[in-house]
$ cat model_1.cif   # mmCIF, C-alpha atoms
data_start
#
loop_
_atom_site.label_atom_id
_atom_site.label_comp_id
_atom_site.auth_asym_id
_atom_site.auth_seq_id
_atom_site.Cartn_x
_atom_site.Cartn_y
_atom_site.Cartn_z
CA MET A 679 128.15 57.79 119.24
CA SER A 680 126.87 55.26 116.70
CA ILE A 681 123.22 54.12 116.59
CA LYS A 682 124.28 50.74 117.96
CA GLN A 683 126.15 52.33 120.87
CA LEU A 684 123.16 54.58 121.60
CA LEU A 685 120.80 51.61 121.69
CA ASN A 686 123.14 49.73 123.99
CA ALA A 687 123.31 52.73 126.32
CA VAL A 688 119.51 52.98 126.42
CA ALA A 689 119.24 49.27 127.15
CA LEU A 690 121.74 49.52 130.00
CA TRP A 691 119.88 52.53 131.42
CA ALA A 692 116.59 50.63 131.31
CA LEU A 693 118.10 47.59 132.99
CA SER A 694 119.65 49.71 135.71
CA GLY A 695 116.25 51.30 136.35
CA LEU A 696 114.64 47.90 136.67
CA ALA A 697 117.39 46.77 139.00
CA CYS A 698 116.59 49.71 141.30
CA ALA A 699 112.86 49.03 141.31
CA ASP A 700 111.42 47.87 144.61
CA THR A 701 108.11 46.41 145.75
CA VAL A 702 105.98 47.86 148.54
CA GLN A 703 103.55 45.64 150.42
CA VAL A 704 100.51 47.75 151.30
CA ALA A 705 97.81 46.70 153.75
CA VAL A 706 94.78 48.78 152.78
CA ALA A 707 91.38 49.02 154.48
CA ALA A 708 88.65 47.60 152.25
CA ASN A 709 86.79 50.92 151.89
CA PHE A 710 89.84 52.40 150.17
CA ALA A 711 90.51 49.52 147.78
CA ALA A 712 89.22 51.20 144.61
CA PRO A 713 91.07 54.52 144.98
CA MET A 714 94.21 52.69 146.10
CA ARG A 715 94.21 50.59 142.93
CA SER A 716 94.11 53.79 140.89
CA ILE A 717 96.89 55.30 143.00
CA ALA A 718 98.99 52.16 142.65
CA ALA A 719 98.69 52.30 138.86
CA ILE A 720 99.88 55.92 138.84
CA PHE A 721 102.70 55.07 141.22
CA GLU A 722 103.96 52.12 139.21
CA LYS A 723 103.83 54.07 135.95
CA THR A 724 105.68 57.11 137.30
CA THR A 725 108.29 55.44 139.52
CA GLY A 726 108.90 51.94 138.16
CA HIS A 727 108.33 50.52 141.64
CA LYS A 728 105.72 47.81 142.20
CA VAL A 729 102.79 47.74 144.61
CA ASP A 730 101.39 44.61 146.20
CA LEU A 731 97.98 45.47 147.68
CA ILE A 732 96.41 43.39 150.43
CA VAL A 733 92.80 44.41 151.16
CA GLY A 734 91.02 43.66 154.43
CA SER A 735 89.66 44.96 157.71
CA THR A 736 91.60 47.30 159.96
CA GLY A 737 91.26 45.13 163.06
CA LYS A 738 92.56 42.03 161.30
CA PHE A 739 95.48 43.95 159.84
CA TYR A 740 96.43 45.13 163.32
CA ALA A 741 96.52 41.52 164.54
CA GLN A 742 98.54 40.46 161.50
CA VAL A 743 101.12 43.22 161.96
CA LYS A 744 101.45 42.20 165.61
CA SER A 745 102.09 38.64 164.40
CA GLY A 746 104.84 39.73 162.01
CA ALA A 747 102.99 40.07 158.69
CA PRO A 748 105.34 41.42 155.99
CA PHE A 749 103.60 44.75 155.34
CA ASP A 750 105.55 47.95 154.61
CA LEU A 751 102.74 50.47 154.65
CA PHE A 752 99.34 50.47 156.35
CA LEU A 753 96.34 52.51 155.20
CA SER A 754 93.86 52.15 158.03
CA ALA A 755 90.14 52.93 158.22
CA ASP A 756 90.71 54.77 161.50
CA ASP A 757 93.35 56.86 163.23
CA SER A 758 93.59 54.93 166.50
CA THR A 759 95.07 51.71 165.06
CA PRO A 760 98.09 53.36 163.38
CA ALA A 761 98.66 55.39 166.56
CA LYS A 762 98.64 52.18 168.59
CA LEU A 763 101.17 50.58 166.22
CA GLU A 764 103.43 53.61 166.67
CA GLN A 765 103.19 53.34 170.45
CA GLU A 766 104.04 49.65 170.29
CA GLY A 767 107.13 50.25 168.14
CA LEU A 768 105.66 48.45 165.12
CA ALA A 769 105.42 51.63 163.03
CA VAL A 770 107.90 54.43 162.38
CA GLN A 771 107.37 57.39 164.71
CA GLY A 772 106.38 60.61 162.97
CA THR A 773 105.20 59.02 159.71
CA ARG A 774 101.49 58.81 160.53
CA PHE A 775 99.20 61.19 158.63
CA THR A 776 95.53 61.47 157.65
CA TYR A 777 95.02 60.50 154.03
CA ALA A 778 91.20 60.59 154.00
CA ILE A 779 88.07 61.17 156.04
CA GLY A 780 85.38 58.66 155.10
CA ARG A 781 81.63 58.96 154.71
CA LEU A 782 79.13 56.29 155.73
CA VAL A 783 76.10 55.63 153.53
CA LEU A 784 73.06 53.38 153.60
CA TRP A 785 72.91 51.73 150.19
CA SER A 786 70.77 49.26 148.25
CA ALA A 787 71.43 47.77 144.84
CA ASN A 788 67.73 48.34 144.17
CA PRO A 789 67.03 51.95 143.12
CA ALA A 790 63.61 51.87 144.83
CA VAL A 791 64.63 50.79 148.35
CA VAL A 792 66.60 53.56 150.09
CA ASP A 793 65.05 57.04 150.31
CA SER A 794 67.07 60.25 150.54
CA GLN A 795 66.31 60.64 154.27
CA GLY A 796 66.97 57.05 155.38
CA LYS A 797 63.38 56.61 156.54
CA VAL A 798 63.48 53.00 155.30
CA LEU A 799 65.32 52.10 158.52
CA LYS A 800 62.40 53.18 160.70
CA GLN A 801 59.82 51.63 158.39
CA GLY A 802 61.58 48.27 158.74
CA VAL A 803 60.27 46.88 155.44
CA PHE A 804 63.35 44.74 154.82
CA ASN A 805 64.59 41.35 155.92
CA ARG A 806 68.35 41.89 156.09
CA LEU A 807 70.54 44.89 156.87
CA ALA A 808 74.26 44.39 156.26
CA ILE A 809 76.99 46.02 158.36
CA ALA A 810 80.71 45.43 158.74
CA ASN A 811 81.89 43.77 161.95
CA PRO A 812 82.10 46.70 164.38
CA LYS A 813 84.86 44.96 166.35
CA VAL A 814 87.33 45.06 163.46
CA ALA A 815 85.90 47.53 160.92
CA PRO A 816 85.54 51.26 161.76
CA TYR A 817 82.70 51.65 159.25
CA GLY A 818 80.85 48.92 161.11
CA ALA A 819 81.39 50.75 164.39
CA ALA A 820 80.04 53.92 162.75
CA ALA A 821 76.98 52.00 161.54
CA ILE A 822 76.21 50.73 165.05
CA GLU A 823 76.68 54.22 166.46
CA THR A 824 74.29 55.60 163.82
CA LEU A 825 71.62 53.03 164.64
CA GLY A 826 72.02 53.88 168.32
CA GLN A 827 71.65 57.61 167.66
CA LEU A 828 68.46 56.87 165.68
CA GLY A 829 67.12 54.65 168.47
CA LEU A 830 66.91 51.69 166.11
CA GLN A 831 69.67 49.33 167.27
CA ASP A 832 67.36 46.94 169.14
CA ALA A 833 64.67 47.04 166.45
CA VAL A 834 66.98 46.05 163.59
CA ALA A 835 69.24 43.69 165.58
CA PRO A 836 67.42 40.51 164.39
CA LYS A 837 67.89 41.61 160.78
CA LEU A 838 71.62 42.36 160.90
CA VAL A 839 74.01 40.48 158.63
CA THR A 840 77.65 41.07 159.51
CA GLY A 841 80.55 41.09 157.05
CA GLU A 842 84.19 40.62 158.03
CA SER A 843 85.05 43.91 156.34
CA ILE A 844 83.26 46.72 154.54
CA GLY A 845 84.21 44.93 151.30
CA GLN A 846 82.29 41.80 152.24
CA THR A 847 79.42 43.95 153.48
CA PHE A 848 79.23 45.65 150.10
CA ASN A 849 79.16 42.24 148.42
CA PHE A 850 76.22 41.16 150.60
CA VAL A 851 74.21 44.13 149.34
CA SER A 852 75.39 44.11 145.72
CA THR A 853 74.45 40.44 145.31
CA GLY A 854 71.05 40.85 146.95
CA ASN A 855 71.85 38.72 149.99
CA ALA A 856 70.84 41.80 151.99
CA GLU A 857 68.34 44.36 150.71
CA LEU A 858 70.40 47.23 152.08
CA GLY A 859 73.47 47.91 154.15
CA PHE A 860 75.83 50.47 155.61
CA VAL A 861 78.85 50.82 153.33
CA ALA A 862 81.45 53.45 152.43
CA LEU A 863 80.48 56.23 150.04
CA SER A 864 83.63 55.44 148.05
CA GLN A 865 82.26 51.99 147.20
CA VAL A 866 79.15 53.31 145.44
CA LEU A 867 80.62 56.30 143.61
CA GLU A 868 82.21 56.47 140.19
CA SER A 869 83.50 59.80 138.87
CA GLY A 870 81.64 61.49 141.69
CA LYS A 871 78.26 59.96 140.81
CA LEU A 872 76.23 57.08 142.23
CA LYS A 873 77.03 53.99 140.18
CA SER A 874 73.75 52.19 140.79
CA GLY A 875 70.97 51.56 143.30
CA SER A 876 69.73 54.01 145.92
CA VAL A 877 71.58 55.74 148.73
CA TRP A 878 71.28 57.86 151.86
CA THR A 879 74.42 59.65 152.99
CA VAL A 880 74.46 59.37 156.77
CA PRO A 881 74.70 62.81 158.42
CA ALA A 882 78.14 63.25 159.96
CA HIS A 883 76.73 64.11 163.40
CA LEU A 884 75.27 60.60 163.81
CA HIS A 885 78.68 58.99 164.35
CA GLN A 886 82.26 59.84 165.21
CA PRO A 887 84.34 61.11 162.25
CA ILE A 888 85.89 58.29 160.23
CA ILE A 889 89.44 59.66 160.20
CA GLN A 890 91.68 57.37 158.16
CA ASP A 891 95.43 57.44 158.81
CA ALA A 892 98.34 55.90 156.98
CA VAL A 893 101.58 54.91 158.66
CA LEU A 894 104.94 53.51 157.61
CA LEU A 895 105.47 50.18 159.32
CA ALA A 896 108.81 49.18 160.80
CA ARG A 897 109.47 46.70 158.01
CA GLY A 898 109.19 49.45 155.38
CA LYS A 899 111.46 52.07 156.96
CA ASP A 900 114.32 51.38 154.53
CA ASN A 901 112.18 50.50 151.50
CA PRO A 902 112.50 53.21 148.81
CA ALA A 903 109.19 52.16 147.26
CA ALA A 904 107.36 52.55 150.57
CA LEU A 905 108.87 55.99 151.15
CA ALA A 906 108.01 57.08 147.60
CA LEU A 907 104.42 55.91 147.92
CA MET A 908 104.03 57.77 151.22
CA ALA A 909 105.21 60.93 149.47
CA LEU A 910 102.85 60.41 146.52
CA LEU A 911 99.83 60.06 148.82
CA LYS A 912 100.45 63.61 150.06
CA THR A 913 100.50 65.26 146.63
CA ASP A 914 97.71 67.52 145.35
CA ARG A 915 97.11 65.20 142.39
CA ILE A 916 96.39 62.21 144.61
CA LYS A 917 94.36 64.24 147.09
CA ALA A 918 92.09 65.31 144.22
CA LEU A 919 91.71 61.67 143.15
CA ILE A 920 90.81 60.66 146.72
CA ARG A 921 88.17 63.40 146.93
CA SER A 922 86.60 62.13 143.70
CA TYR A 923 85.66 58.95 145.61
CA GLY A 924 83.64 60.91 148.17
CA TYR A 925 86.31 61.37 150.84
CA THR A 926 87.23 64.67 152.44
CA LEU A 927 90.69 65.70 153.54
#
$ encode --input "model_1.cif" --output "structure tokens"
Amino acid sequence: MSIKQLLNAVALWALSGLACADTVQVAVAANFAAPMRSIAAIFEKTTGHKVDLIVGSTGKFYAQVKSGAPFDLFLSADDSTPAKLEQEGLAVQGTRFTYAIGRLVLWSANPAVVDSQGKVLKQGVFNRLAIANPKVAPYGAAAIETLGQLGLQDAVAPKLVTGESIGQTFNFVSTGNAELGFVALSQVLESGKLKSGSVWTVPAHLHQPIIQDAVLLARGKDNPAALALMALLKTDRIKALIRSYGYTL
């Protein structure tokens, strides 16, 4: 084979690969946005498929899927919502699995605000405490449960600032609009270390486990990219990446 023929063959192979590439629409809970972006980059590089990430709150995604939103794969912040979608025939039976177990933290962008025991909550020397909307965000529900277990829900109620999702809640705290707030551990870690500010990791016994399930939605059942991404999420390499953001599996 001549050099010219070889180059033509390579070009045809590349074009055929591109022709087979598919796009997967992924609805991902806001707490998992950072690790999912890293996973998407690995996925696109290794498979040639494309990932379109839509970040938001679990409750809103449920409503959108019910209304026909064009998502192929759903990474929820809980396990009950994907199970409900399966029961309602909007997700593929048998595809649901736990991809992460989240940790709730109390965080401030100021390194002098949050102590290692979370005593700042009882001291009440703050004007605003940010939480995610507990009606649509599992991390918000965990925050309310934590405050209840500590006997502080009524005391801090006038100071609560509510975000639509854990992403917006994080923004409230990072910009100083709230002195502190309950966010996901994954949002404040980088390479396993606190990026900035001060933090208290909420003891797991103060709220129900934040079990996060993924499920293949009905729209994605015949999408090769969706199936490939589901498989990648279960690999040891990706599990190690997820753990580096503070999740357990």
$ resolve_selection --input "model_1.cif" --expression "the PyMOL selection byres ((chain A and resi 786) around 8)" --output "list in words"
Leu784, Trp785, Ala787, Asn788, Pro789, Val791, Val792, Val851, Ser852, Glu857, Leu858, Gly859, Gly875, Ser876 and Val877 of chain A
$ write_last_selection --input "model_1.cif" --atoms "C-alpha atoms" --output "compact mmCIF listing (two decimals), keeping the file's coordinate frame"
# COMPACT_ATOMS: atom_id res chain seq x y z
CA LEU A 784 73.06 53.38 153.60
CA TRP A 785 72.91 51.73 150.19
CA ALA A 787 71.43 47.77 144.84
CA ASN A 788 67.73 48.34 144.17
CA PRO A 789 67.03 51.95 143.12
CA VAL A 791 64.63 50.79 148.35
CA VAL A 792 66.60 53.56 150.09
CA VAL A 851 74.21 44.13 149.34
CA SER A 852 75.39 44.11 145.72
CA GLU A 857 68.34 44.36 150.71
CA LEU A 858 70.40 47.23 152.08
CA GLY A 859 73.47 47.91 154.15
CA GLY A 875 70.97 51.56 143.30
CA SER A 876 69.73 54.01 145.92
CA VAL A 877 71.58 55.74 148.73
$ atom_distance --input "model_1.cif" --atom1 "atom CA of Gln865 of chain A" --atom2 "atom CA of Glu823 of chain A"
20.2 Å
$ resolve_selection --input "model_1.cif" --expression "the PyMOL selection byres ((chain A and resi 802-812) around 6)" --output "mmCIF file with C-alpha atoms, keeping the file's coordinate frame"
data_model
loop_
_atom_site.group_PDB
_atom_site.id
_atom_site.type_symbol
_atom_site.label_atom_id
_atom_site.label_comp_id
_atom_site.auth_asym_id
_atom_site.auth_seq_id
_atom_site.Cartn_x
_atom_site.Cartn_y
_atom_site.Cartn_z
ATOM 1 C CA LEU A 799 65.320 52.100 158.520
ATOM 2 C CA LYS A 800 62.400 53.180 160.700
ATOM 3 C CA GLN A 801 59.820 51.630 158.390
ATOM 4 C CA LYS A 813 84.860 44.960 166.350
ATOM 5 C CA VAL A 814 87.330 45.060 163.460
ATOM 6 C CA ALA A 815 85.900 47.530 160.920
ATOM 7 C CA GLY A 818 80.850 48.920 161.110
ATOM 8 C CA ALA A 819 81.390 50.750 164.390
ATOM 9 C CA LYS A 837 67.890 41.610 160.780
ATOM 10 C CA LEU A 838 71.620 42.360 160.900
ATOM 11 C CA VAL A 839 74.010 40.480 158.630
ATOM 12 C CA THR A 840 77.650 41.070 159.510
ATOM 13 C CA GLY A 841 80.550 41.090 157.050
ATOM 14 C CA GLU A 842 84.190 40.620 158.030
ATOM 15 C CA SER A 843 85.050 43.910 156.340
ATOM 16 C CA ILE A 844 83.260 46.720 154.540
ATOM 17 C CA THR A 847 79.420 43.950 153.480
ATOM 18 C CA ALA A 856 70.840 41.800 151.990
ATOM 19 C CA GLU A 857 68.340 44.360 150.710
ATOM 20 C CA LEU A 858 70.400 47.230 152.080
ATOM 21 C CA GLY A 859 73.470 47.910 154.150
ATOM 22 C CA PHE A 860 75.830 50.470 155.610
#
$ closest_residue --input "model_1.cif" --among "A:Leu828, A:Val702, A:Ala778, A:Ala906" --to "His883 of chain A" --atoms "only C-alpha atoms"
A:Leu828
$ residues_around --input "model_1.cif" --residues "segment 730-737 of chain A" --least-positions-apart "6" --cutoff "9 Å" --atoms "all atoms listed in the file" --output "list in words"
Thr701, Val702, Gln703, Val704, Ala705, Val706, Ala707, Ala708, Asn709, Phe710, Ala711, Met714, Arg715, Ala718, Phe749, Leu753, Ser754, Ala755, Asp756, Thr759, Asn811, Lys813, Val814, Ala815, Pro816, Glu842, Ser843, Ile844 and Gly845 of chain A
$ atom_distance --input "model_1.cif" --atom1 "atom CA of Leu910 of chain A" --atom2 "atom CA of Ser869 of chain A"
20.8 Å
$ axis_aligned_box --input "model_1.cif" --around "segment 696-713 of chain A" --padding-each-side "8 Å" --output "AutoDock Vina command-line options"
--center_x 102.1 --center_y 50.1 --center_z 145.6 --size_x 46.6 --size_y 24.9 --size_z 33.8
$ residues_near_point --input "model_1.cif" --point "(105.2, 44.4, 168.7)" --cutoff "8 Å" --atoms "all atoms listed in the file" --output "ChimeraX atom specification"
/A:743-745,763,766-768
$ closest_residue --input "model_1.cif" --among "A:Leu907, A:Ile916, A:Leu872, A:Ala699" --to "Pro713 of chain A" --atoms "only C-alpha atoms"
A:Ile916
$ residues_around --input "model_1.cif" --residues "Thr879 of chain A" --least-positions-apart "2" --cutoff "8 Å" --atoms "all atoms listed in the file" --output "PyMOL selection string"
chain A and resi 781-784+794+863+877+881
$ closest_residue --input "model_1.cif" --among "A:Ala892, A:Leu927, A:Leu751, A:Ala903" --to "Phe775 of chain A" --atoms "all atoms listed in the file"
A:Ala892
$ residues_around --input "model_1.cif" --residues "Ala761 of chain A" --least-positions-apart "3" --cutoff "9 Å" --atoms "only C-alpha atoms" --output "ChimeraX atom specification"
/A:757-758,764-766,769,774,891,893
$ build_atoms --input "model_1.cif" --residues "segment 861-890 of chain A" --atoms "N, CA and C atoms" --output "PDB file, in the coordinates of the input"
ATOM      1  N   VAL A 861      77.572  50.996 154.015  1.00  0.00           N
ATOM      2  CA  VAL A 861      78.850  50.820 153.330  1.00  0.00           C
ATOM      3  C   VAL A 861      79.556  52.177 153.251  1.00  0.00           C
ATOM      4  N   ALA A 862      80.716  52.195 152.611  1.00  0.00           N
ATOM      5  CA  ALA A 862      81.450  53.450 152.430  1.00  0.00           C
ATOM      6  C   ALA A 862      80.972  54.144 151.158  1.00  0.00           C
ATOM      7  N   LEU A 863      80.880  55.453 151.218  1.00  0.00           N
ATOM      8  CA  LEU A 863      80.480  56.230 150.040  1.00  0.00           C
ATOM      9  C   LEU A 863      81.385  55.917 148.855  1.00  0.00           C
ATOM     10  N   SER A 864      82.670  55.706 149.128  1.00  0.00           N
ATOM     11  CA  SER A 864      83.630  55.440 148.050  1.00  0.00           C
ATOM     12  C   SER A 864      83.296  54.185 147.259  1.00  0.00           C
ATOM     13  N   GLN A 865      82.570  53.254 147.877  1.00  0.00           N
ATOM     14  CA  GLN A 865      82.260  51.990 147.200  1.00  0.00           C
ATOM     15  C   GLN A 865      81.117  52.128 146.189  1.00  0.00           C
ATOM     16  N   VAL A 866      80.330  53.177 146.311  1.00  0.00           N
ATOM     17  CA  VAL A 866      79.150  53.310 145.440  1.00  0.00           C
ATOM     18  C   VAL A 866      79.277  54.469 144.466  1.00  0.00           C
ATOM     19  N   LEU A 867      80.399  55.177 144.515  1.00  0.00           N
ATOM     20  CA  LEU A 867      80.620  56.300 143.610  1.00  0.00           C
ATOM     21  C   LEU A 867      81.530  55.921 142.458  1.00  0.00           C
ATOM     22  N   GLU A 868      81.304  56.557 141.333  1.00  0.00           N
ATOM     23  CA  GLU A 868      82.210  56.470 140.190  1.00  0.00           C
ATOM     24  C   GLU A 868      82.203  57.825 139.504  1.00  0.00           C
ATOM     25  N   SER A 869      83.378  58.443 139.425  1.00  0.00           N
ATOM     26  CA  SER A 869      83.500  59.800 138.870  1.00  0.00           C
ATOM     27  C   SER A 869      82.578  60.778 139.587  1.00  0.00           C
ATOM     28  N   GLY A 870      82.436  60.573 140.885  1.00  0.00           N
ATOM     29  CA  GLY A 870      81.640  61.490 141.690  1.00  0.00           C
ATOM     30  C   GLY A 870      80.145  61.270 141.628  1.00  0.00           C
ATOM     31  N   LYS A 871      79.692  60.228 140.933  1.00  0.00           N
ATOM     32  CA  LYS A 871      78.260  59.960 140.810  1.00  0.00           C
ATOM     33  C   LYS A 871      77.920  58.556 141.288  1.00  0.00           C
ATOM     34  N   LEU A 872      76.692  58.389 141.784  1.00  0.00           N
ATOM     35  CA  LEU A 872      76.230  57.080 142.230  1.00  0.00           C
ATOM     36  C   LEU A 872      76.238  56.102 141.064  1.00  0.00           C
ATOM     37  N   LYS A 873      76.918  54.964 141.261  1.00  0.00           N
ATOM     38  CA  LYS A 873      77.030  53.990 140.180  1.00  0.00           C
ATOM     39  C   LYS A 873      75.706  53.293 139.908  1.00  0.00           C
ATOM     40  N   SER A 874      75.001  52.924 140.958  1.00  0.00           N
ATOM     41  CA  SER A 874      73.750  52.190 140.790  1.00  0.00           C
ATOM     42  C   SER A 874      73.011  52.156 142.123  1.00  0.00           C
ATOM     43  N   GLY A 875      71.735  51.749 142.076  1.00  0.00           N
ATOM     44  CA  GLY A 875      70.970  51.560 143.300  1.00  0.00           C
ATOM     45  C   GLY A 875      70.454  52.862 143.878  1.00  0.00           C
ATOM     46  N   SER A 876      70.248  52.847 145.196  1.00  0.00           N
ATOM     47  CA  SER A 876      69.730  54.010 145.920  1.00  0.00           C
ATOM     48  C   SER A 876      70.533  54.199 147.196  1.00  0.00           C
ATOM     49  N   VAL A 877      70.646  55.454 147.644  1.00  0.00           N
ATOM     50  CA  VAL A 877      71.580  55.740 148.730  1.00  0.00           C
ATOM     51  C   VAL A 877      71.084  56.864 149.629  1.00  0.00           C
ATOM     52  N   TRP A 878      71.456  56.771 150.895  1.00  0.00           N
ATOM     53  CA  TRP A 878      71.280  57.860 151.860  1.00  0.00           C
ATOM     54  C   TRP A 878      72.640  58.089 152.491  1.00  0.00           C
ATOM     55  N   THR A 879      73.154  59.304 152.346  1.00  0.00           N
ATOM     56  CA  THR A 879      74.420  59.650 152.990  1.00  0.00           C
ATOM     57  C   THR A 879      74.141  59.988 154.449  1.00  0.00           C
ATOM     58  N   VAL A 880      74.715  59.212 155.338  1.00  0.00           N
ATOM     59  CA  VAL A 880      74.460  59.370 156.770  1.00  0.00           C
ATOM     60  C   VAL A 880      75.016  60.707 157.245  1.00  0.00           C
ATOM     61  N   PRO A 881      74.203  61.540 157.891  1.00  0.00           N
ATOM     62  CA  PRO A 881      74.700  62.810 158.420  1.00  0.00           C
ATOM     63  C   PRO A 881      75.890  62.599 159.354  1.00  0.00           C
ATOM     64  N   ALA A 882      76.889  63.437 159.214  1.00  0.00           N
ATOM     65  CA  ALA A 882      78.140  63.250 159.960  1.00  0.00           C
ATOM     66  C   ALA A 882      77.942  63.291 161.468  1.00  0.00           C
ATOM     67  N   HIS A 883      76.901  63.983 161.942  1.00  0.00           N
ATOM     68  CA  HIS A 883      76.730  64.110 163.400  1.00  0.00           C
ATOM     69  C   HIS A 883      76.194  62.837 164.051  1.00  0.00           C
ATOM     70  N   LEU A 884      75.822  61.838 163.245  1.00  0.00           N
ATOM     71  CA  LEU A 884      75.270  60.600 163.810  1.00  0.00           C
ATOM     72  C   LEU A 884      76.356  59.599 164.229  1.00  0.00           C
ATOM     73  N   HIS A 885      77.594  59.889 163.925  1.00  0.00           N
ATOM     74  CA  HIS A 885      78.680  58.990 164.350  1.00  0.00           C
ATOM     75  C   HIS A 885      79.978  59.789 164.447  1.00  0.00           C
ATOM     76  N   GLN A 886      80.953  59.210 165.112  1.00  0.00           N
ATOM     77  CA  GLN A 886      82.260  59.840 165.210  1.00  0.00           C
ATOM     78  C   GLN A 886      82.898  59.947 163.820  1.00  0.00           C
ATOM     79  N   PRO A 887      83.692  60.982 163.565  1.00  0.00           N
ATOM     80  CA  PRO A 887      84.340  61.110 162.250  1.00  0.00           C
ATOM     81  C   PRO A 887      85.179  59.881 161.915  1.00  0.00           C
ATOM     82  N   ILE A 888      85.101  59.445 160.674  1.00  0.00           N
ATOM     83  CA  ILE A 888      85.890  58.290 160.230  1.00  0.00           C
ATOM     84  C   ILE A 888      87.210  58.819 159.669  1.00  0.00           C
ATOM     85  N   ILE A 889      88.135  59.108 160.574  1.00  0.00           N
ATOM     86  CA  ILE A 889      89.440  59.660 160.200  1.00  0.00           C
ATOM     87  C   ILE A 889      90.365  58.496 159.849  1.00  0.00           C
ATOM     88  N   GLN A 890      90.882  58.485 158.640  1.00  0.00           N
ATOM     89  CA  GLN A 890      91.680  57.370 158.160  1.00  0.00           C
ATOM     90  C   GLN A 890      93.146  57.778 158.024  1.00  0.00           C
TER      91      GLN A 890
END
